[in-house]
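All remarks here apply to the structure that follows.
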Amino acid sequence: MKDDKILMGHGSGGMMTHELIESMFVRYFDNPVLHEQGDSALLKLSGNHLAFTTDSFVVDPVFFPGGNIGKLAVAGTVNDLAVSGAVPRYLSVGFILEEGFPLDDLERIVKSMAEEAAKAGVSIATGDTKVVEKGKCDKIFINTSGVGEINANRLAISSGKNIKPGDKIIVNGGIAEHGMAIMAARNDLNIFTSVLSDCACLNDLISLVLHTSENIRFMRDATRGGLATVLSELVQKKNFGIRINEAQLVIEDSVRGMCELLGFDPLYVTNEGKVIMVVAAEDADRIVERMHSNSLGKKAAVIGEITVEHNGKAWLETSVGGKRMIDMLSGQQLPRIC
Amino acid sequence: MKYIDEYRDRETVQALAREIKRISKRPVKLMEVCGGHTMSIQKFGLPALLPETVELISGPGCPVCVTSRSYIDKAIAFCRQKDVVIATYGDLIRVPGSESTLEKERAGGAQIRVVYSIMDALQMARENPDKKIVFPGIGFETTAPGTAVAILEAYKEGVPNFFVFSAHKVMPPAMAALIDEGVKINGYIGPGHVSTITGKGIYMDIPVKFGLGVVISGFEPVDLMQSVLMLVRQIEDGNPQVEIQYKRVVKPDGNVKAQQMMEEVFVLGDDWWRGLGILKKSGLKIRPKYAAHDAEVNISSEGMVALREPKGCICGEVLKGLKKPKDCTLFAKACTPRDPVGSCMVSGEGACQAYYLYNR
């Protein structure tokens, strides 16, 4: 059955989104910069290397434990720049507001955007405002774009083209927290009051890592589609494999409990403050140790490695010693998560 | 996490694996009837821990998978009627009918709402008296009591706009039919949730008539490995019987109150199963007393399309355990979770999806 309409799964960040991007956007917009399809586009303007990215936010509910749509909109774009190896500098902000949206709520959102931008050291340099009739959008949608400078010797980070077998894979802490915080807020699951979104700007932590080692081979923030989707995207059509050790993954008890109860696989649940790094084996321990000194890297750990076997596939050694494949999210796990 | 970590303990699982390897002499095929077991086995990667002599095959225990395409066609016909809202569990909305899915109907403007409980659907009916809320009742003895409760409440309270479209089924006729059809298995890993309701009585015929053991299992890796060990031991000792491994939940008599409610609301009728065809007294039909809440009696299915089965799909054989998903020429090519041809690829409990996600 061929789709002739947009379905919710097209926005999942998984396989359907990829297909839509390829068959529609890349097909018509194709150019060498777009072709790279990293988290940010890498540009060269007047001899300077820049990273450029954009992201839209439609999260429901607008306020959730650990953040709100504004904080998310700043952190999301800052992180897309930072994981490309760039230093984020300027953001633009576009608001689409629904008639009747309370100004107090808008102020709370804008204030937290300003705070988050200040924390990340970026300026919000330009913006746009549109209002639509009641019912024509849901409360507030935000688009942010961002530019940052990137050092010429970090240009390979976003494609991961220097990855080698033996490299170690690091994550900076507990996974699946944003997705489950949204679920808890949406369903009034009061028993899970301790589940907070991990939404945060990662550029400080990433800068620390880039100053610790020259051998950072790849970085990506594990947002929609979760850890599993990033890893399977990374490994596709490559002449190496990935092995992840489930026992090394950090999943907070409350998050794990909620995933169990609602039937979610935490590997596929959205994060908004988690970066996956592939680094040279000899530097891995030193990097993890340095990450522990940053509040967003306290639970950083090596979770797996790049292998010579299983080319093009990501495998998980399960906590009980079994083995299974990790794949891209194929349908839709949760709509309007970011 | 308490009550979970104990059943995912690496050392215990490895010890069970060693014991299975030690006592297993003859090659055996064990069928897990329940889709939840299939998913768990693949998710924890258990086949890699079993000796070559023990093969696990998946059975017909995924409710969405055994449901007919014409059921989906009818649900789609319902959702196209004026004022009808379909309130359904999420896994049904992507199941292909002959020409469409509920998901595509929703994109086209039909009112399809995903609910986590049938009680949410009943509440929706109370709050929207001008709409007809139709809940597609899918599942075995596990979910049927919940449906019975909702129908009883709607009946007592008088919620005239709440309807159930029942495709509920019972498990034992399918387990017997598989063996009658000549499917070669040496034992059943019995469904944990179904048995929580029914108790072990419904399986007592199986060792007697067919000489096969049934071990009712829990869903964690330790549960499943222990159940495999119990079955292998029965087979090696030549002593097939019905045993409960999942003792912390399943009582020998089951949940008598739930059984009574099912009995009150439903009557057994013949029903169609994917792969098995029509099985006598295997479907739960709403009794005439509660006909006011039966969608098939009250909602028009005008415009329902003619049934069209997809070519090349071997869901039927997969459900019978005769073939593995990888044997299908469509598997992971024309048929993926993103664009499923057969129902076994749609459901989170379907064998094809479990193999696609975890063991491709």
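Just so we're on the same page: first chain in the structure tokens is A, next is B, and so on; residues restart at 1 for each chain, and ligands are numbered from 1 in the order they show up.
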Pull the closest atom pair for each residue of chain A that gets at most 8 Å from chain B, along with the distance in Å to one decimal, counting only C-alpha atoms, ordering rows by chain and then ascending residue number, as CSV.
```
residue,atom,partner,partner_atom,distance
A:Met1,CA,B:Asp339,CA,7.3
A:Lys5,CA,B:Ala107,CA,6.8
A:Ile6,CA,B:Ala107,CA,7.1
A:Leu7,CA,B:Ala107,CA,6.2
A:Met15,CA,B:Arg338,CA,7.1
A:Met16,CA,B:Arg338,CA,6.7
A:Asp253,CA,B:Met1,CA,6.3
A:Gly257,CA,B:Met1,CA,7.4
A:Glu317,CA,B:Gly45,CA,8.0
A:Thr318,CA,B:Phe44,CA,5.7
A:Ser319,CA,B:Arg10,CA,6.4
A:Val320,CA,B:Arg10,CA,4.2
A:Gly321,CA,B:Arg10,CA,6.6
A:Gly322,CA,B:Gly45,CA,4.2
A:Lys323,CA,B:Gly45,CA,4.4
A:Arg324,CA,B:Tyr358,CA,5.0
A:Met325,CA,B:Tyr358,CA,4.4
A:Ile326,CA,B:Tyr358,CA,6.3
A:Asp327,CA,B:Leu357,CA,6.0
A:Ser330,CA,B:Arg338,CA,5.2
A:Gly331,CA,B:Arg338,CA,5.3
```
- Task: Report as a list in words: the residues of stretch 217-289 of chain B with a DSSP assignment of helix (DSSP H, G or I), based on the backbone of this structure.
- Result: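 The residues of stretch 217-289 of chain B classed as helix (DSSP H, G or I) are Pro221, Val222, Asp223, Leu224, Met225, Gln226, Ser227, Val228, Leu229, Met230, Leu231, Val232, Arg233, Gln234, Ile235, Glu236, Asp237, Val256, Lys257, Ala258, Gln259, Gln260, Met261, Met262, Glu263, Glu264, Val265, Pro288 and Lys289 of chain B.
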What does the file look like for those residues with C-alpha atoms, as a CSV table (one decimal), in the first residue's frame?
```csv
chain,number,residue,atom,x,y,z
B,221,PRO,CA,14.3,-14.3,30.7
B,222,VAL,CA,14.6,-16.4,33.8
B,223,ASP,CA,10.9,-17.5,33.5
B,224,LEU,CA,11.3,-18.5,29.9
B,225,MET,CA,14.6,-20.3,30.4
B,226,GLN,CA,13.1,-22.2,33.3
B,227,SER,CA,10.0,-23.1,31.3
B,228,VAL,CA,12.2,-24.5,28.5
B,229,LEU,CA,14.1,-26.5,31.1
B,230,MET,CA,10.9,-27.9,32.5
B,231,LEU,CA,9.6,-28.9,29.1
B,232,VAL,CA,13.0,-30.5,28.0
B,233,ARG,CA,13.0,-32.4,31.3
B,234,GLN,CA,9.4,-33.6,30.7
B,235,ILE,CA,10.4,-34.7,27.1
B,236,GLU,CA,13.6,-36.5,28.2
B,237,ASP,CA,11.7,-38.3,31.0
B,256,VAL,CA,-12.9,-17.2,38.7
B,257,LYS,CA,-14.6,-13.8,38.9
B,258,ALA,CA,-13.2,-12.8,35.5
B,259,GLN,CA,-14.3,-16.2,34.0
B,260,GLN,CA,-17.9,-15.5,35.3
B,261,MET,CA,-18.0,-12.1,33.7
B,262,MET,CA,-16.9,-13.5,30.4
B,263,GLU,CA,-19.5,-16.2,30.7
B,264,GLU,CA,-22.2,-13.6,31.4
B,265,VAL,CA,-21.4,-11.4,28.4
B,288,PRO,CA,-28.2,-11.3,22.7
B,289,LYS,CA,-28.9,-9.8,26.1
```
- Task: Go through B:Thr147, B:Ala17, B:Ser166, B:Pro27 and flag the residue nearest B:Ala295, using only C-alpha atoms for the distances.
- Result: B:Ser166
Just the residues within 8 Å of A:Leu97, please, counting only C-alpha atoms, with nothing from its chain fewer than 3 positions along; format it as a PDB file with N, CA and C atoms, in the first residue's frame.
```
ATOM      1  N   PHE A 101      -3.769  32.177  23.108  1.00  0.00           N
ATOM      2  CA  PHE A 101      -2.710  31.616  23.954  1.00  0.00           C
ATOM      3  C   PHE A 101      -2.339  32.627  25.035  1.00  0.00           C
ATOM      4  N   THR A 129       7.277  36.468  14.147  1.00  0.00           N
ATOM      5  CA  THR A 129       6.058  36.115  14.887  1.00  0.00           C
ATOM      6  C   THR A 129       4.881  36.028  13.929  1.00  0.00           C
ATOM      7  N   LYS A 130       4.133  34.942  14.021  1.00  0.00           N
ATOM      8  CA  LYS A 130       2.885  34.807  13.278  1.00  0.00           C
ATOM      9  C   LYS A 130       1.802  34.341  14.247  1.00  0.00           C
ATOM     10  N   VAL A 131       0.572  34.798  14.029  1.00  0.00           N
ATOM     11  CA  VAL A 131      -0.552  34.324  14.835  1.00  0.00           C
ATOM     12  C   VAL A 131      -1.582  33.710  13.899  1.00  0.00           C
ATOM     13  N   VAL A 132      -2.120  32.540  14.276  1.00  0.00           N
ATOM     14  CA  VAL A 132      -3.167  31.910  13.461  1.00  0.00           C
ATOM     15  C   VAL A 132      -4.453  31.791  14.281  1.00  0.00           C
ATOM     16  N   CYS A 137      -3.609  26.004  14.977  1.00  0.00           N
ATOM     17  CA  CYS A 137      -2.401  25.313  15.438  1.00  0.00           C
ATOM     18  C   CYS A 137      -2.635  25.034  16.918  1.00  0.00           C
ATOM     19  N   LYS A 139      -1.689  25.799  20.385  1.00  0.00           N
ATOM     20  CA  LYS A 139      -1.049  26.693  21.364  1.00  0.00           C
ATOM     21  C   LYS A 139       0.156  27.433  20.786  1.00  0.00           C
ATOM     22  N   ILE A 140       1.287  26.724  20.666  1.00  0.00           N
ATOM     23  CA  ILE A 140       2.494  27.422  20.218  1.00  0.00           C
ATOM     24  C   ILE A 140       3.443  26.441  19.524  1.00  0.00           C
ATOM     25  N   PHE A 141       3.915  26.822  18.363  1.00  0.00           N
ATOM     26  CA  PHE A 141       4.971  26.082  17.682  1.00  0.00           C
ATOM     27  C   PHE A 141       6.171  27.022  17.561  1.00  0.00           C
TER      28      PHE A 141
END
```
- Message: Taking 6 positions as the minimum chain separation for residues in the same chain, which residues sit within 8 Å of B:His293 when counting only C-alpha atoms? Answer as a VMD selection string.
- Response: chain B and resid 151 154 to 155 160 to 164
- Contacts of stretch 322-329 of chain B at 6 Å (only C-alpha atoms; same-chain gap of 4+ positions) as an MDAnalysis selection string: chainID B and resid 317:318 352
- Message: Report as a PyMOL selection string all protein, DNA and RNA residues lying within 7 Å of A:Val58, evaluated on only C-alpha atoms, omitting residues in the same chain fewer than 3 positions from it.
- Response: chain A and resi 141-142+336+338
Next, dump the selected residues to file, keeping only N, CA, C and O atoms, as a tab-separated table (two decimals), in the first residue's frame.
```
chain	number	residue	atom	x	y	z
A	141	PHE	N	3.92	26.82	18.36
A	141	PHE	CA	4.97	26.08	17.68
A	141	PHE	C	6.17	27.02	17.56
A	141	PHE	O	6.00	28.23	17.35
A	142	ILE	N	7.38	26.50	17.70
A	142	ILE	CA	8.58	27.33	17.62
A	142	ILE	C	9.57	26.73	16.64
A	142	ILE	O	9.80	25.51	16.66
A	336	ARG	N	4.66	14.08	18.49
A	336	ARG	CA	4.84	15.41	19.10
A	336	ARG	C	5.61	15.38	20.41
A	336	ARG	O	5.17	15.89	21.44
A	338	CYS	N	8.82	16.49	20.47
A	338	CYS	CA	9.74	17.63	20.50
A	338	CYS	C	9.32	18.67	19.47
A	338	CYS	O	8.29	18.52	18.84
```
- Taking the DSSP assignment computed from this structure's backbone, write out as a PyMOL selection string all residues of stretch 11-164 of chain A that belong to strand (DSSP E). chain A and resi 41-45+48-57+63-64+67-68+86-98+123-132+140-150
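Using only C-alpha atoms, the shortest contact distance between B:Val214 and any of B:Asp73, B:Leu30, B:Gly312, B:Gly36 is found at B:Leu30.
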- Query: Could you state the separation of atom CA of B:Phe266 and atom CA of B:Pro173 in Å, given to one decimal place?
  - Reply: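 Between atom CA of B:Phe266 and atom CA of B:Pro173 the gap is 16.5 Å.
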- Item | All residues 9 Å or closer to A:Ala284, only C-alpha atoms, same chain fewer than 2 positions away omitted, as a PyMOL selection string | chain A and resi 167-170+213+278-282+286-289+302
I need the chosen residues saved as a PDB file, in the first residue's frame, with C-alpha atoms.
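The new file again19.pdb reads:
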```pdb
ATOM      1  CA  ASP A 167      36.802   2.741  18.741  1.00  0.00           C
ATOM      2  CA  LYS A 168      34.678   3.081  21.859  1.00  0.00           C
ATOM      3  CA  ILE A 169      31.107   4.378  22.082  1.00  0.00           C
ATOM      4  CA  ILE A 170      30.246   6.739  24.951  1.00  0.00           C
ATOM      5  CA  SER A 213      41.035  14.518  23.064  1.00  0.00           C
ATOM      6  CA  VAL A 278      32.614   7.495  19.055  1.00  0.00           C
ATOM      7  CA  VAL A 279      36.175   8.020  20.275  1.00  0.00           C
ATOM      8  CA  ALA A 280      39.589   6.413  19.912  1.00  0.00           C
ATOM      9  CA  ALA A 281      39.931   3.461  22.305  1.00  0.00           C
ATOM     10  CA  GLU A 282      43.091   4.801  23.955  1.00  0.00           C
ATOM     11  CA  ARG A 286      40.263   9.736  29.981  1.00  0.00           C
ATOM     12  CA  ILE A 287      37.270  11.272  28.186  1.00  0.00           C
ATOM     13  CA  VAL A 288      34.737   9.540  30.437  1.00  0.00           C
ATOM     14  CA  GLU A 289      36.656  10.671  33.491  1.00  0.00           C
ATOM     15  CA  VAL A 302      31.461   3.482  27.616  1.00  0.00           C
TER      16      VAL A 302
END
```
- Return the single residue from B:Ile112, B:Ala15, B:Ile206, B:Met171 that is closest to B:Gly59, with distances computed using only C-alpha atoms.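 Ranking B:Ile112, B:Ala15, B:Ile206, B:Met171 by distance to B:Gly59, first place goes to B:Met171.
If you look at atom CA of A:Leu249 and atom CA of B:Asp5, they are 14.7 Å away from each other.
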- Length of the atom CA of B:Tyr71 to atom CA of B:Phe165 vector [Å]: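 Computing it gives 9.0 Å between the two atoms.
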